[in-house]
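Heads up, the thing below is written out as structure tokens.
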Amino acid sequence: MPVLTTSRLHELQSNANNIRNICIVAHVDHGKTTLADNLVASNGIISQKLAGQLRYMDSRKDEQERGITMKSSSISLSHTFKEQEYLVNLVDTPGHVDFTSEVSTAVRICDGALVVVDVVEGVAPQTKAVLKQVWNEGIKPILVVNKIDRLISELKMTPGDAYKRIVRVIEQVNAVIGELFSSEIMEKAEKNVHTDEDIDDSEVYFIPSVGNVVLASAYDGWGFTLSDFALLYAKKLGVSYKDLLEKLWGDFYYSAKSKCIMDQAEQLGRKPLFVQLVLENLYSVYNAFLKKDKNIIEKITSMTKVHIKPQELNRSDSKMLIQSFMSKWLPMGGCILDCVCDLVPSPCGLSDKRVERLLSKFDKPFSSLPPETQALKPFFVSCDSKEGTPVIIFISKMISVPGQYVTRINRQTLTAEEMDRKHREAKDKYLQKMERLKLGEEEVDTGEAISEDHNTRSSQEIMIAVGRIFSGTVTEGDELYILGPKYDPELGLKDKRQEVEVGDIFSQKAITRSRIGKIYALMGREMESIGKVYPGNIIGIGGLQDTIIKSATISDSLACPAFTELIGSSMPILQTAIQPKELTHMSQFVKGLKLLNQADPCARVYIDDSGEYILSTAGEIHLQKCINDLEEHYAGIKVLCSDPIVPFRETVVADDLKKGAYAKPEYLVEGSVVGCHCSVKIRAAPLPGTVVGILDENSELIRVASDVVNAKISGANKNRDDIRNGTDIFTNLNRLKGKLEIAFKESGCTFWENAVNEIWSFGPRNCGPNILLNRTRNFRNASFWGDYAEESENFDLKRYGYSFVSGFQYATAAGPLCEEPLHGVCFIVEEWIADTERDVVSGVFLSGGQVMSMVKDTCRRAMQARSPRLVLPMYQCDVFVNADVLGRVYAVIGRRHGRVLLEDIQEGSTTFLVRSAIPVIESFHFASEIRTEASGLAIPQLIFSHWETLDLDPFWDPLENVEEEDEDIEITVNRAQAYINQVRRRKGLPVRERIVAHAEKQRTLSKNK
């Protein structure tokens, strides 16, 4: 197929019915990029011989060196299916867990996904993660069972065993889909919003006979669906194509005697039809080409009508010969693109369910949106490009592109004569240059300097916004609204004066206007400049670097809401403090950090309380990528990095779980303001684990509700009716309230009776997993759930209510162990006394700051009165390891203070899946160590899993109980104390540690003469 020209690209982009937007998702090393190479090769952009070796979509140097994809890349391909030409916008995504956010950005702008699964490894952890992302976005998946060749040439399986293995892998994938389907039905049942259509699962699962399963080998360049072999054998067997397609997969076999297809193949001990017609033929082809049996090869090529050149037959590498034949007999590119054009819906086929999900945030019903917003739905579905149609664009991410990749001229197809002429001209220029170099002419250096200066200018980084047009037509120079992530169309329609400064676009009402710069078609490593683009296309837009950070929604209508936020499974958990190596480069350093924060979907840059710049990333590889980008692309300077910083949490544990243990008098701590008649009694208690989990899952809802409730409460009392009418948020809050009531009740402790109705605040930042309960008798405050109690008669306490809550927020933001945030702690206020009248008489005035400090100090002392503990972030570590080095992997996990959760052998192989939990603080250089110990036979994957309490008393000193004469006793180290000292030392806090163990007189190594 010829290369897609710019003029033809314009024509294809104008027909939304023939556009297909797809992405490739999979676990790392399951063959995504090799698959992408085969699809790119089908358009003649690269040679089919280089597919899998060139890794065309991996344009970064570190991607090529590591052999993994670190960013999502898009390219436009053309394909002819049923005599119609289609435009396929392909997005290749990373498979490493550190770059899961890149998958989220790709899934949002696509309508279908190629889910690649290694048939040998089966469903891996990241496979489940990407399947969940695809399911949540509601796009059409196609399953590609890859590396079938390994079953034949590497594992030496029989055709029957290979068939069982393929069946089991498809069943594993369908099991994951079934879990997602059932969980969604249960969630809708809780909300009473499900219908009979939601229960229909006929089109949910992967069924080979339906055509949504491709069996392939990306490395050898071949792939097929059942329809390919059904067409091939229908006439030969005298069976209808439809009947053969339905029975080619399953418990059927072909009876030579009766010349018909029979069922119950397994019960009768017969070979399944798929083994008879497909796998045995594949095995015959591989055996013939591996053995280089020329007679059989000639028969195979004549039967399949595949021409192989004589020089290819004479190659010593039989694997190259197999690739050459199979890529011509069953070309992967054509097979997969046929499936994409046939099964993946066009941009005009957006479902109502997906449109409503994109426009509704925080589970807000679509019917509750303003009528003007609901009126935009038909434009999404129709993907209309007529004049007057509202423009709606979603920007999924920002990318940084070298200047030379966006300044190139439009692509044109050259004839053979033109290519030969250009080759001769380039050769003549090279010969002339070499002659001048021999003569030592100075003009060559000048020309090189000019060329070098041009390259310097063209290599400057340009920020491009990558997104998809859902409605309307966009041209260069259009002026559109950039909607902030918290933009509310209801408020925007009420107040038309939404023109604000760019720095204010993240407020709830604010938006800004910006002019569209150059528009680009994404072509892998390069970009084609186009002046106009139609709906349904994935494009790049320039000129928006000053108005968009990470993602945004663009529209010409104030009724358009900001799209729901991208859903990702990774979170930035690994941090490091960075600074420029030369302080004179600080301005470049700050500018580079802004670009990094803007371009990386998962990276987070902020300034901590000490004034240091903190870079937060998803993992070790992601951190290295960000540092490399900062030094080579964004800032262009050398930077210094501290040791990786891991966040901790602090909590308390129950010493005694018996009845009445929570209410012990020694746990009640009293605090007061010096010189004033103000005191408080507070008790600290650990929250039940289920309650903490619910609070973590609903932190965003709690944060939004806190902002709304606090804003309303701080206003006039006449707004109470408006508060009660805000049913969208409060409906979800009531559902959360019910979950908490059930969780407290299931804890089985009477201490938590009526605890939900006594909740005063959450912390830190009004949304954390810590609770403040009000159990005072003399003060009634407004409930967090929107239920308004009678006004408190004690005016003194009422006026200091916000100061009291602020003290609680400060206490939960910095615990007593190492000033890390608290996790799962409940503070119960049992008494609060404030008598300001007596203070006024004595000439003393109580301030809000004094109340704040009193509450903060009392909460910290109440926590210390219990058993404080450190909470560690934990990685889930999945290691695929050969049985020969299984013991070494266990040894590495043990040295890292991890524990093994699961050990499962992969059927049909000697590979084990070892799942363990490892503290993030102990995970540095884990991958390199485990590869070294296992001689490269172990492949680790780390993903943040949960927070886990370290059950070690941080105040226990192992040296206290060791006698001086017990020199043979091995002294252990208190890990909790070591972690705390490490954090306190970094923060400049006093450290409790033994500096001198045994004081002795210093001695020199040599005697004095």
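Each chain in the structure tokens gets a letter, A, B and so on, in the order shown; residues start at 1 in every chain, and ligands are counted from 1 in the order they appear.
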Go through region 515-581 of chain A and flag each residue having an atom no more than 10 Å from region 47-62 of chain A; for those, report the closest pair of atoms plus their distance in Å to one decimal, using only C-alpha atoms, ordered by chain and rising number, as a Markdown table.
```
| residue | atom | partner | partner_atom | distance |
| --- | --- | --- | --- | --- |
| A:Met523 | CA | A:Met57 | CA | 9.5 |
| A:Gly524 | CA | A:Met57 | CA | 5.8 |
| A:Arg525 | CA | A:Ser59 | CA | 6.1 |
| A:Glu526 | CA | A:Ser59 | CA | 9.7 |
```
Suppose we keep N, CA, C and O atoms; can you now write the selection as a PDB file, in the first residue's frame?
```pdb
ATOM      1  N   MET A 523       1.812  11.742  12.889  1.00  0.00           N
ATOM      2  CA  MET A 523       2.351  10.674  12.032  1.00  0.00           C
ATOM      3  C   MET A 523       3.532  10.001  12.704  1.00  0.00           C
ATOM      4  O   MET A 523       4.642   9.954  12.189  1.00  0.00           O
ATOM      5  N   GLY A 524       3.335   9.501  13.916  1.00  0.00           N
ATOM      6  CA  GLY A 524       4.403   8.797  14.619  1.00  0.00           C
ATOM      7  C   GLY A 524       5.432   9.773  15.129  1.00  0.00           C
ATOM      8  O   GLY A 524       5.164  10.622  15.976  1.00  0.00           O
ATOM      9  N   ARG A 525       6.642   9.680  14.584  1.00  0.00           N
ATOM     10  CA  ARG A 525       7.724  10.563  15.009  1.00  0.00           C
ATOM     11  C   ARG A 525       7.619  11.952  14.398  1.00  0.00           C
ATOM     12  O   ARG A 525       8.313  12.869  14.814  1.00  0.00           O
ATOM     13  N   GLU A 526       6.785  12.103  13.384  1.00  0.00           N
ATOM     14  CA  GLU A 526       6.698  13.365  12.672  1.00  0.00           C
ATOM     15  C   GLU A 526       5.266  13.877  12.714  1.00  0.00           C
ATOM     16  O   GLU A 526       4.356  13.202  13.210  1.00  0.00           O
TER      17      GLU A 526
END
```
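The gap separating CA of Ile541 (chain A) from CA of Val97 (chain A) is 28.1 Å, in Å to one decimal.
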For this session: Pick out the closest residue to Lys550 (chain A) from this set: A:Leu740, A:Met463, A:Ile567, A:Ala599. Count only C-alpha atoms.
Result: A:Ala599
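The spacing separating CA of Val669 (chain A) from CA of Ala684 (chain A) amounts to 8.7 Å.
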For this session: Write out as a PyMOL selection string the residues lying within 9 Å of region 328-345 of chain A, counting only C-alpha atoms and excluding same-chain residues fewer than 5 positions away.
Result: chain A and resi 17-22+35-43+79-82+86+88+111-114+139-142+144+211-214+216-218+221-225+228+301+304-307+323+350
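Using only C-alpha atoms for every distance, the candidate list A:Ala865, A:Val829, A:Val646, A:Val756 yields A:Val646 as the residue closest to Tyr979 (chain A).
In this structure, CA of Thr858 (chain A) sits 22.0 Å away from CA of Phe648 (chain A).
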Problem set entry | Contacts of Leu358 (chain A) within 9 Å, only C-alpha atoms, excl. fewer than 2 positions in-chain, as a ChimeraX atom specification | /A:137,353-356,360-361,562-565
